[in-house]
file my_file.txt (compact mmCIF, C-alpha atoms and all ligand atoms)
# COMPACT_ATOMS: atom_id res chain seq x y z
CA MET T 1 -5.78 6.65 -19.21
CA ASN T 2 -5.39 5.16 -22.67
CA GLU T 3 -5.36 1.36 -22.96
CA SER T 4 -1.74 1.07 -24.10
CA LYS T 5 -0.44 3.08 -21.13
CA PHE T 6 -2.54 0.96 -18.76
CA ALA T 7 -1.27 -2.24 -20.40
CA HIS T 8 2.34 -1.06 -20.24
CA ILE T 9 2.14 -0.22 -16.56
CA THR T 10 0.43 -3.40 -15.49
CA ARG T 11 2.78 -5.48 -17.69
CA VAL T 12 5.92 -4.34 -15.89
CA HIS T 13 4.62 -3.83 -12.34
CA PRO T 14 5.35 -6.71 -9.93
CA CYS T 15 2.44 -5.77 -7.66
CA PHE T 16 -0.13 -5.49 -10.45
CA ASN T 17 0.85 -8.51 -12.53
CA GLU T 18 1.40 -11.91 -10.91
CA LYS T 19 3.38 -13.12 -13.92
CA MET T 20 5.94 -10.37 -13.38
CA HIS T 21 6.11 -10.64 -9.57
CA ASP T 22 9.35 -12.62 -9.59
CA LYS T 23 10.76 -11.08 -12.78
CA VAL T 24 10.94 -7.34 -12.28
CA GLY T 25 11.75 -5.38 -9.18
CA ARG T 26 10.55 -2.46 -7.12
CA VAL T 27 12.39 -0.18 -4.76
CA HIS T 28 10.60 1.11 -1.67
CA LEU T 29 11.84 4.34 -0.13
CA PRO T 30 11.09 4.64 3.59
CA ILE T 31 10.55 8.40 3.57
CA ALA T 32 7.06 8.45 5.11
CA PRO T 33 7.22 7.69 8.86
CA ARG T 34 4.13 9.55 10.05
CA CYS T 35 0.59 8.22 9.92
CA ASN T 36 -2.70 10.07 10.32
CA ILE T 37 -4.83 7.14 11.48
CA GLN T 38 -4.47 4.23 13.89
CA CYS T 39 -5.40 0.78 12.66
CA ASN T 40 -5.97 -1.65 15.50
CA PHE T 41 -3.58 -4.23 14.02
CA CYS T 42 -0.65 -1.92 13.30
CA THR T 43 2.60 -1.28 15.06
CA ARG T 44 5.28 0.51 13.10
CA GLU T 45 8.83 -0.54 13.84
CA LEU T 46 12.37 0.29 12.87
CA ASN T 47 14.18 -3.04 12.75
CA LYS T 48 16.21 -5.25 10.47
CA CYS T 49 14.45 -8.59 10.79
CA GLU T 50 10.67 -8.49 10.47
CA GLN T 51 9.28 -9.11 6.99
CA ARG T 52 6.06 -7.14 6.94
CA PRO T 53 4.61 -3.74 6.01
CA GLY T 54 5.16 -0.93 8.50
CA VAL T 55 8.75 -2.05 9.11
CA SER T 56 11.93 -0.38 7.91
CA SER T 57 15.52 -0.37 9.11
CA ARG T 58 15.52 3.39 9.11
CA VAL T 59 13.80 6.46 7.72
CA MET T 60 15.48 8.14 4.74
CA THR T 61 15.54 11.77 3.72
CA VAL T 62 14.36 12.64 0.22
CA GLU T 63 17.98 13.25 -0.84
CA GLU T 64 19.10 9.85 0.46
CA ALA T 65 16.15 8.21 -1.26
CA VAL T 66 17.03 9.72 -4.66
CA ILE T 67 20.64 8.51 -4.27
CA HIS T 68 19.37 5.03 -3.30
CA VAL T 69 17.19 4.87 -6.44
CA ALA T 70 20.08 5.93 -8.68
CA LYS T 71 22.23 3.18 -7.15
CA VAL T 72 19.81 0.25 -7.19
CA ILE T 73 18.51 0.78 -10.72
CA LYS T 74 22.08 0.15 -11.92
CA GLU T 75 22.30 -3.09 -9.95
CA MET T 76 18.97 -4.82 -10.64
CA PRO T 77 15.98 -4.81 -12.98
CA ILE T 78 13.87 -2.22 -11.17
CA SER T 79 10.75 -0.96 -12.94
CA VAL T 80 8.85 0.60 -10.04
CA VAL T 81 9.71 3.22 -7.42
CA GLY T 82 7.31 3.04 -4.47
CA VAL T 83 6.59 4.78 -1.21
CA ALA T 84 4.92 2.38 1.22
CA GLY T 85 5.54 3.89 4.59
CA PRO T 86 6.53 2.92 7.18
CA GLY T 87 3.58 5.29 7.90
CA ASP T 88 1.16 6.73 5.35
CA ALA T 89 2.63 7.99 2.07
CA LEU T 90 0.27 10.97 1.80
CA ALA T 91 0.61 12.06 5.45
CA ASN T 92 4.25 12.99 4.70
CA PRO T 93 4.98 15.91 2.33
CA GLU T 94 8.31 14.22 1.50
CA THR T 95 6.46 11.70 -0.68
CA LEU T 96 5.35 14.16 -3.35
CA GLU T 97 8.61 16.10 -3.08
CA PHE T 98 10.45 12.84 -3.81
CA PHE T 99 8.23 11.85 -6.72
CA ARG T 100 8.61 15.30 -8.26
CA ILE T 101 12.38 14.75 -8.38
CA ILE T 102 12.09 11.13 -9.60
CA ASP T 103 9.70 12.19 -12.36
CA LYS T 104 12.34 14.60 -13.70
CA LYS T 105 15.43 12.44 -13.15
CA PHE T 106 14.07 9.00 -14.05
CA PRO T 107 10.91 9.55 -16.10
CA ASP T 108 10.79 5.92 -17.26
CA LEU T 109 10.37 4.45 -13.79
CA ILE T 110 6.79 3.77 -12.71
CA LYS T 111 5.87 5.79 -9.63
CA CYS T 112 3.71 3.99 -7.09
CA MET T 113 2.50 4.55 -3.55
CA SER T 114 0.37 2.93 -0.91
CA THR T 115 -1.94 4.89 1.34
CA ASN T 116 -4.75 4.52 3.82
CA GLY T 117 -6.64 6.96 1.59
CA LEU T 118 -7.58 9.56 4.21
CA LEU T 119 -5.90 12.35 2.23
CA LEU T 120 -6.35 10.90 -1.24
CA ALA T 121 -9.39 12.92 -2.28
CA ASP T 122 -7.76 16.16 -1.14
CA MET T 123 -4.43 15.39 -2.80
CA ALA T 124 -5.57 13.51 -5.92
CA GLU T 125 -4.64 16.29 -8.36
CA GLU T 126 -1.15 16.66 -6.86
CA VAL T 127 -0.61 12.90 -6.98
CA ALA T 128 -1.60 12.78 -10.65
CA GLU T 129 0.50 15.88 -11.40
CA VAL T 130 3.74 14.20 -10.29
CA ASN T 131 2.84 11.33 -12.63
CA VAL T 132 2.22 8.65 -10.05
CA SER T 133 0.63 5.94 -12.17
CA THR T 134 -0.34 3.22 -9.69
CA ILE T 135 -1.69 3.51 -6.18
CA THR T 136 -2.72 1.01 -3.53
CA VAL T 137 -5.42 2.05 -1.08
CA THR T 138 -6.05 -0.17 1.95
CA VAL T 139 -9.78 -0.53 2.59
CA ASN T 140 -10.70 -2.93 5.37
CA ALA T 141 -14.43 -2.19 5.66
CA VAL T 142 -17.22 -0.15 4.12
CA ASP T 143 -19.75 -0.91 6.87
CA PRO T 144 -19.46 1.27 10.03
CA GLU T 145 -20.53 -1.62 12.30
CA ILE T 146 -17.41 -3.49 11.19
CA GLY T 147 -15.11 -0.56 10.51
CA LYS T 148 -15.49 0.92 14.00
CA ASN T 149 -13.65 -2.16 15.35
CA ILE T 150 -10.73 -1.83 12.93
CA TYR T 151 -9.69 1.80 13.39
CA SER T 152 -9.37 3.67 16.67
CA ARG T 153 -8.32 7.13 15.52
CA ALA T 154 -8.07 9.50 12.57
CA VAL T 155 -6.58 12.96 12.45
CA TYR T 156 -8.07 15.02 9.65
CA ASP T 157 -7.84 18.74 9.08
CA GLY T 158 -6.42 19.29 12.56
CA LYS T 159 -9.27 17.44 14.28
CA VAL T 160 -9.01 14.10 16.09
CA TYR T 161 -11.76 11.54 15.46
CA GLN T 162 -12.18 8.39 17.58
CA GLY T 163 -13.93 5.03 17.09
CA GLU T 164 -17.00 5.13 14.85
CA GLU T 165 -16.43 8.79 13.95
CA ALA T 166 -12.90 7.91 12.87
CA PHE T 167 -14.17 5.15 10.63
CA LYS T 168 -16.80 7.42 9.10
CA ILE T 169 -14.28 10.01 7.95
CA ILE T 170 -11.74 7.38 6.84
CA SER T 171 -14.30 5.47 4.77
CA GLU T 172 -15.87 8.55 3.21
CA LYS T 173 -12.47 9.93 2.21
CA GLN T 174 -11.13 6.58 0.96
CA LEU T 175 -14.04 5.99 -1.40
CA GLU T 176 -14.09 9.60 -2.60
CA GLY T 177 -10.32 9.38 -3.12
CA ILE T 178 -10.49 6.15 -5.13
CA GLU T 179 -13.14 7.62 -7.36
CA LYS T 180 -11.25 10.86 -7.91
CA ILE T 181 -7.81 9.37 -8.54
CA SER T 182 -9.21 6.71 -10.91
CA LYS T 183 -10.87 9.42 -12.97
CA LEU T 184 -7.48 11.16 -13.18
CA GLY T 185 -6.07 8.04 -14.87
CA VAL T 186 -4.16 6.48 -11.97
CA VAL T 187 -4.55 2.68 -11.74
CA VAL T 188 -5.96 1.74 -8.33
CA LYS T 189 -5.43 -1.52 -6.45
CA VAL T 190 -7.27 -2.02 -3.18
CA ASN T 191 -5.67 -4.01 -0.38
CA SER T 192 -7.99 -5.50 2.23
CA VAL T 193 -6.69 -7.08 5.40
CA LEU T 194 -8.67 -10.25 6.10
CA ILE T 195 -9.55 -10.28 9.81
CA PRO T 196 -11.20 -13.59 10.77
CA GLY T 197 -14.47 -13.15 12.64
CA LEU T 198 -14.61 -9.44 11.83
CA ASN T 199 -14.54 -8.63 8.11
CA ASP T 200 -14.17 -12.10 6.56
CA GLU T 201 -17.72 -12.10 5.24
CA HIS T 202 -17.54 -8.43 4.31
CA ILE T 203 -14.66 -8.40 1.83
CA GLU T 204 -17.04 -9.05 -1.08
CA ASP T 205 -19.02 -5.93 -0.13
CA ILE T 206 -15.75 -3.97 -0.18
CA ALA T 207 -14.98 -5.43 -3.63
CA ARG T 208 -18.33 -4.32 -5.03
CA GLU T 209 -18.01 -0.81 -3.61
CA VAL T 210 -14.43 -0.15 -4.71
CA LYS T 211 -15.06 -1.53 -8.17
CA LYS T 212 -17.96 0.89 -8.52
CA ARG T 213 -15.55 3.68 -7.51
CA GLY T 214 -13.01 2.77 -10.21
CA ALA T 215 -10.53 0.30 -8.64
CA SER T 216 -9.03 -2.20 -11.10
CA LEU T 217 -7.61 -4.89 -8.84
CA MET T 218 -7.84 -6.25 -5.30
CA ASN T 219 -5.32 -7.87 -3.00
CA VAL T 220 -6.71 -9.68 0.04
CA ILE T 221 -3.95 -10.04 2.59
CA PRO T 222 -4.00 -12.03 5.83
CA LEU T 223 -4.04 -10.24 9.17
CA ILE T 224 -0.71 -10.24 10.97
CA PRO T 225 -2.10 -10.28 14.55
CA LEU T 226 -0.43 -7.43 16.41
CA TYR T 227 -1.26 -4.59 18.82
CA LYS T 228 -4.99 -4.55 19.76
CA MET T 229 -5.58 -7.49 17.43
CA LYS T 230 -2.81 -9.68 18.76
CA ASP T 231 -5.32 -12.29 19.99
CA TYR T 232 -7.12 -12.58 16.67
CA PRO T 233 -6.34 -15.73 14.65
CA LYS T 234 -4.22 -15.44 11.53
CA PRO T 235 -6.31 -16.56 8.55
CA GLY T 236 -5.42 -19.95 7.14
CA CYS T 237 -4.55 -20.58 3.47
CA ASP T 238 -7.95 -22.15 2.69
CA GLU T 239 -9.83 -19.28 4.28
CA LEU T 240 -7.78 -16.73 2.35
CA SER T 241 -8.19 -18.64 -0.88
CA ASN T 242 -11.98 -18.95 -0.45
CA VAL T 243 -12.36 -15.22 0.13
CA ARG T 244 -10.16 -14.44 -2.88
CA ASP T 245 -12.27 -16.77 -5.06
CA LYS T 246 -15.43 -14.98 -4.00
CA VAL T 247 -13.91 -11.53 -4.57
CA GLU T 248 -12.76 -12.60 -8.02
CA GLU T 249 -16.40 -12.87 -9.10
CA THR T 250 -16.48 -9.07 -8.84
CA ILE T 251 -12.96 -7.76 -9.54
CA PRO T 252 -9.58 -9.29 -10.58
CA VAL T 253 -7.54 -10.49 -7.60
CA PHE T 254 -3.78 -10.29 -7.15
CA ARG T 255 -2.58 -13.39 -5.30
CA ALA T 256 1.22 -13.25 -5.27
CA CYS T 257 1.69 -10.74 -2.44
CA THR T 258 3.74 -11.77 0.56
CA GLN T 259 3.51 -8.35 2.30
CA CYS T 260 6.91 -6.74 2.03
CA ARG T 261 8.72 -4.15 4.11
CA ALA T 262 8.67 -0.37 3.66
CA ASP T 263 12.38 -0.48 2.71
CA ALA T 264 12.34 -3.60 0.47
CA TYR T 265 14.05 -3.49 -2.92
CA GLY T 266 14.92 -5.92 -5.68
CA VAL T 267 12.84 -8.59 -7.35
CA PRO T 268 10.17 -9.71 -4.83
CA GLY T 269 10.82 -13.16 -3.41
CA LYS T 270 13.93 -13.61 -5.55
CA GLU T 271 16.70 -11.08 -5.12
CA ASP T 272 14.81 -9.34 -2.35
CA LYS T 273 16.77 -7.00 -0.13
CA HIS T 274 16.13 -4.33 2.43
CA LEU T 275 18.20 -1.50 3.85
CA ASP T 276 21.06 -2.25 6.24
CA MET T 277 20.78 -6.02 5.81
CA THR T 278 23.46 -7.96 7.61
CA PRO T 279 25.41 -9.89 4.96
CA ALA T 280 24.78 -13.65 5.27
CA SER T 281 28.47 -14.23 6.11
CA HIS T 282 28.01 -12.31 9.38
CA TYR T 283 25.71 -14.97 10.87
FE1 LIG T 301 -0.32 1.44 10.31
FE2 LIG T 301 -0.77 1.88 7.73
FE3 LIG T 301 -2.80 1.77 9.49
FE4 LIG T 301 -1.11 3.83 9.50
S1 LIG T 301 -2.52 3.26 7.85
S2 LIG T 301 -1.87 2.73 11.30
S3 LIG T 301 0.83 2.82 9.00
S4 LIG T 301 -1.45 0.09 8.89
FE1 LIG T 302 4.01 -2.52 -4.77
FE2 LIG T 302 2.67 -1.16 -2.91
FE3 LIG T 302 5.25 -0.83 -3.24
FE4 LIG T 302 3.58 0.05 -5.07
S1 LIG T 302 3.77 0.81 -3.00
S2 LIG T 302 5.52 -0.99 -5.42
S3 LIG T 302 2.00 -1.56 -5.00
S4 LIG T 302 4.22 -2.71 -2.61
FE1 LIG T 303 4.08 -5.73 -3.71
FE2 LIG T 303 3.29 -7.68 -2.06
FE3 LIG T 303 5.04 -8.18 -3.93
FE4 LIG T 303 5.73 -6.71 -1.90
S1 LIG T 303 5.19 -8.85 -1.84
S2 LIG T 303 6.23 -6.32 -4.02
S3 LIG T 303 3.82 -5.64 -1.47
S4 LIG T 303 2.94 -7.55 -4.25

call {"tool": "encode", "arguments": {"input": "my_file.txt", "output": "structure tokens"}}
result
Amino acid sequence: MNESKFAHITRVHPCFNEKMHDKVGRVHLPIAPRCNIQCNFCTRELNKCEQRPGVSSRVMTVEEAVIHVAKVIKEMPISVVGVAGPGDALANPETLEFFRIIDKKFPDLIKCMSTNGLLLADMAEEVAEVNVSTITVTVNAVDPEIGKNIYSRAVYDGKVYQGEEAFKIISEKQLEGIEKISKLGVVVKVNSVLIPGLNDEHIEDIAREVKKRGASLMNVIPLIPLYKMKDYPKPGCDELSNVRDKVEETIPVFRACTQCRADAYGVPGKEDKHLDMTPASHY
């Protein structure tokens, strides 16, 4: 990607530029409910109250999503259209179908997605073809001894992998995917979930590996203890900040993320909305 295109994208993207995080908006379209792996900290929910990834009020069809984009870009300063679940963007064919339409109808909006990366290497060309320009890949380990405790299952090419085997395929495909999509000119951010006592001393190794593969930015986010990891502690601010400082010696770190929902839209943290919100006057 040429420098000016890279600069333009990162200048107006709230998730790639801390200075713009509370100035420009993004709209997430919850069109991707299915997931092809199981992370041990994840439960996906349809509800109206929780503020975290993996949550949406409802799942939209591609048609509904296009209508939603057309509506919200008239109401607020939206620069980015993103698919962030509530499952995995690439495990749902609707994602690329949607971006194909958005690319034609609203070519000026930046197209963005987040993925666990399992299908990224296989789908990299298609992702680049629909002009997705930024992608977030969540990488929580590169060492199998650690990774085997984070993921319990992966379904790839019709085959189910469990435990360590699941991690092996996930990790191999994630790193191959990051390398491939970066070479195709898509800007890659890597999210890593900081899990105290498990990968807290390993995030720097992840940083080194993903930088080598072409990632431009990292976002270290605190574990929200749920599901099989409900008894793990939530990292404290100091712990998170120390890890981010260390990672920053290797790769730039994005620090403004507060982990938003799969149906969030508006300017993050400012005029932030999500689908089917109950108006404040109803409380
Ligand atoms: Fe949940 Fe995302 Fe992990 Fe899938 S990849 S299990 S949606 S956290
Ligand atoms: Fe931001 Fe991720 Fe949404 Fe893209 S998919 S707009 S990086 S939150
Ligand atoms: Fe992106 Fe995080 Fe900001 Fe949401 S809170 S828009 S996920 S950087």

call {"tool": "atom_distance", "arguments": {"input": "my_file.txt", "atom1": "CA of Val12 in chain T", "atom2": "CA of Val220 in chain T"}}
result
21.0 Å

call {"tool": "axis_aligned_box", "arguments": {"input": "my_file.txt", "around": "ligand LIG 301 (chain T)", "padding_each_side": "4 Å", "output": "JSON"}}
result
{"center_x": -1.0, "center_y": 2.0, "center_z": 9.5, "size_x": 11.6, "size_y": 11.7, "size_z": 11.6}

call {"tool": "closest_residue", "arguments": {"input": "my_file.txt", "among": "T:Arg58, T:Asn199, T:Leu184, T:Arg208", "to": "Pro222 in chain T", "atoms": "all atoms listed in the file"}}
result
T:Asn199

call {"tool": "residues_near_ligand", "arguments": {"input": "my_file.txt", "ligand": "ligand LIG 301 (chain T)", "cutoff": "7 Å", "atoms": "only C-alpha atoms and all ligand atoms", "output": "MDAnalysis selection string"}}
result
chainID T and resid 35:39 42:44 54 85:88 115:116

call {"tool": "closest_residue", "arguments": {"input": "my_file.txt", "among": "T:Ala215, T:Val160, T:Val59, T:Val24", "to": "Gly269 in chain T", "atoms": "all atoms listed in the file"}}
result
T:Val24

call {"tool": "residues_near_ligand", "arguments": {"input": "my_file.txt", "ligand": "ligand LIG 303 (chain T)", "cutoff": "8 Å", "atoms": "all atoms listed in the file", "output": "PyMOL selection string"}}
result
chain T and resi 14-16+21+25-26+53+254+256-261+264+267-269

call {"tool": "closest_residue", "arguments": {"input": "my_file.txt", "among": "T:Thr134, T:Asn40, T:Thr95, T:Thr61", "to": "ligand LIG 302 (chain T)", "atoms": "all atoms listed in the file"}}
result
T:Thr134

call {"tool": "residues_near_ligand", "arguments": {"input": "my_file.txt", "ligand": "ligand LIG 302 (chain T)", "cutoff": "6 Å", "atoms": "only C-alpha atoms and all ligand atoms", "output": "ChimeraX atom specification"}}
result
/T:15,26,28,80,82-84,112-114,136

call {"tool": "atom_distance", "arguments": {"input": "my_file.txt", "atom1": "CA of Val69 in chain T", "atom2": "CA of Phe106 in chain T"}}
result
9.2 Å

call {"tool": "residues_around", "arguments": {"input": "my_file.txt", "residues": "Ile146 in chain T", "least_positions_apart": "5", "cutoff": "10 Å", "atoms": "all atoms listed in the file", "output": "MDAnalysis selection string"}}
result
chainID T and resid 140:141 151 164 167 198:199 202

call {"tool": "closest_residue", "arguments": {"input": "my_file.txt", "among": "T:Ser171, T:Val243, T:Ile31, T:Arg213", "to": "Val55 in chain T", "atoms": "only C-alpha atoms"}}
result
T:Ile31

call {"tool": "residues_around", "arguments": {"input": "my_file.txt", "residues": "Leu240 in chain T", "least_positions_apart": "2", "cutoff": "9 Å", "atoms": "only C-alpha atoms", "output": "JSON, numbers by chain"}}
result
{"T": [194, 200, 220, 221, 222, 235, 236, 237, 238, 242, 243, 244, 245]}

call {"tool": "closest_residue", "arguments": {"input": "my_file.txt", "among": "T:Ile195, T:Ile178, T:Ala65, T:Ile251", "to": "Ile224 in chain T", "atoms": "only C-alpha atoms"}}
result
T:Ile195

call {"tool": "residues_around", "arguments": {"input": "my_file.txt", "residues": "Leu217 in chain T", "least_positions_apart": "5", "cutoff": "9 Å", "atoms": "only C-alpha atoms", "output": "PyMOL selection string"}}
result
chain T and resi 16+187-191+211+251-254

call {"tool": "write_last_selection", "arguments": {"input": "my_file.txt", "atoms": "C-alpha atoms", "output": "JSON list (two decimals), in the coordinates of the input"}}
result
[["chain", "number", "residue", "atom", "x", "y", "z"],
["T", 16, "PHE", "CA", -0.13, -5.49, -10.45],
["T", 187, "VAL", "CA", -4.55, 2.68, -11.74],
["T", 188, "VAL", "CA", -5.96, 1.74, -8.33],
["T", 189, "LYS", "CA", -5.43, -1.52, -6.45],
["T", 190, "VAL", "CA", -7.27, -2.02, -3.18],
["T", 191, "ASN", "CA", -5.67, -4.01, -0.38],
["T", 211, "LYS", "CA", -15.06, -1.53, -8.17],
["T", 251, "ILE", "CA", -12.96, -7.76, -9.54],
["T", 252, "PRO", "CA", -9.58, -9.29, -10.58],
["T", 253, "VAL", "CA", -7.54, -10.49, -7.60],
["T", 254, "PHE", "CA", -3.78, -10.29, -7.15]]

call {"tool": "atom_distance", "arguments": {"input": "my_file.txt", "atom1": "CA of Val81 in chain T", "atom2": "CA of Val210 in chain T"}}
result
24.5 Å

call {"tool": "closest_residue", "arguments": {"input": "my_file.txt", "among": "T:Leu275, T:Val186, T:Val72, T:Val142", "to": "Glu125 in chain T", "atoms": "only C-alpha atoms"}}
result
T:Val186

call {"tool": "decode", "arguments": {"input": "my_file.txt", "residues": "range 19-30 of chain T", "atoms": "N, CA, C and O atoms", "output": "compact mmCIF listing (two decimals), in the first residue's frame"}}
result
# COMPACT_ATOMS: atom_id res chain seq x y z
N LYS T 19 -5.90 9.53 18.56
CA LYS T 19 -6.32 10.94 18.52
C LYS T 19 -7.71 11.09 17.89
O LYS T 19 -8.42 12.06 18.13
N MET T 20 -8.08 10.13 17.06
CA MET T 20 -9.38 10.21 16.38
C MET T 20 -10.46 9.38 17.08
O MET T 20 -11.61 9.38 16.67
N HIS T 21 -10.08 8.68 18.17
CA HIS T 21 -11.02 7.72 18.76
C HIS T 21 -12.32 8.36 19.21
O HIS T 21 -13.39 7.77 19.09
N ASP T 22 -12.24 9.59 19.71
CA ASP T 22 -13.50 10.24 20.14
C ASP T 22 -13.93 11.33 19.17
O ASP T 22 -14.68 12.22 19.51
N LYS T 23 -13.40 11.27 17.94
CA LYS T 23 -13.77 12.32 16.96
C LYS T 23 -14.52 11.79 15.75
O LYS T 23 -15.39 12.47 15.20
N VAL T 24 -14.16 10.61 15.30
CA VAL T 24 -14.89 10.03 14.16
C VAL T 24 -15.52 8.71 14.59
O VAL T 24 -15.08 8.09 15.56
N GLY T 25 -16.51 8.29 13.83
CA GLY T 25 -17.27 7.12 14.27
C GLY T 25 -17.07 5.91 13.38
O GLY T 25 -16.51 5.97 12.29
N ARG T 26 -17.58 4.80 13.91
CA ARG T 26 -17.62 3.55 13.14
C ARG T 26 -19.03 2.96 13.31
O ARG T 26 -19.72 3.23 14.29
N VAL T 27 -19.42 2.18 12.33
CA VAL T 27 -20.68 1.45 12.49
C VAL T 27 -20.38 -0.04 12.33
O VAL T 27 -19.76 -0.46 11.36
N HIS T 28 -20.76 -0.80 13.35
CA HIS T 28 -20.60 -2.25 13.32
C HIS T 28 -21.89 -2.88 12.85
O HIS T 28 -22.96 -2.53 13.35
N LEU T 29 -21.79 -3.84 11.95
CA LEU T 29 -22.98 -4.53 11.46
C LEU T 29 -22.96 -5.97 11.96
O LEU T 29 -22.05 -6.73 11.59
N PRO T 30 -23.89 -6.34 12.82
CA PRO T 30 -23.88 -7.69 13.39
C PRO T 30 -24.45 -8.72 12.42
O PRO T 30 -25.56 -9.21 12.59
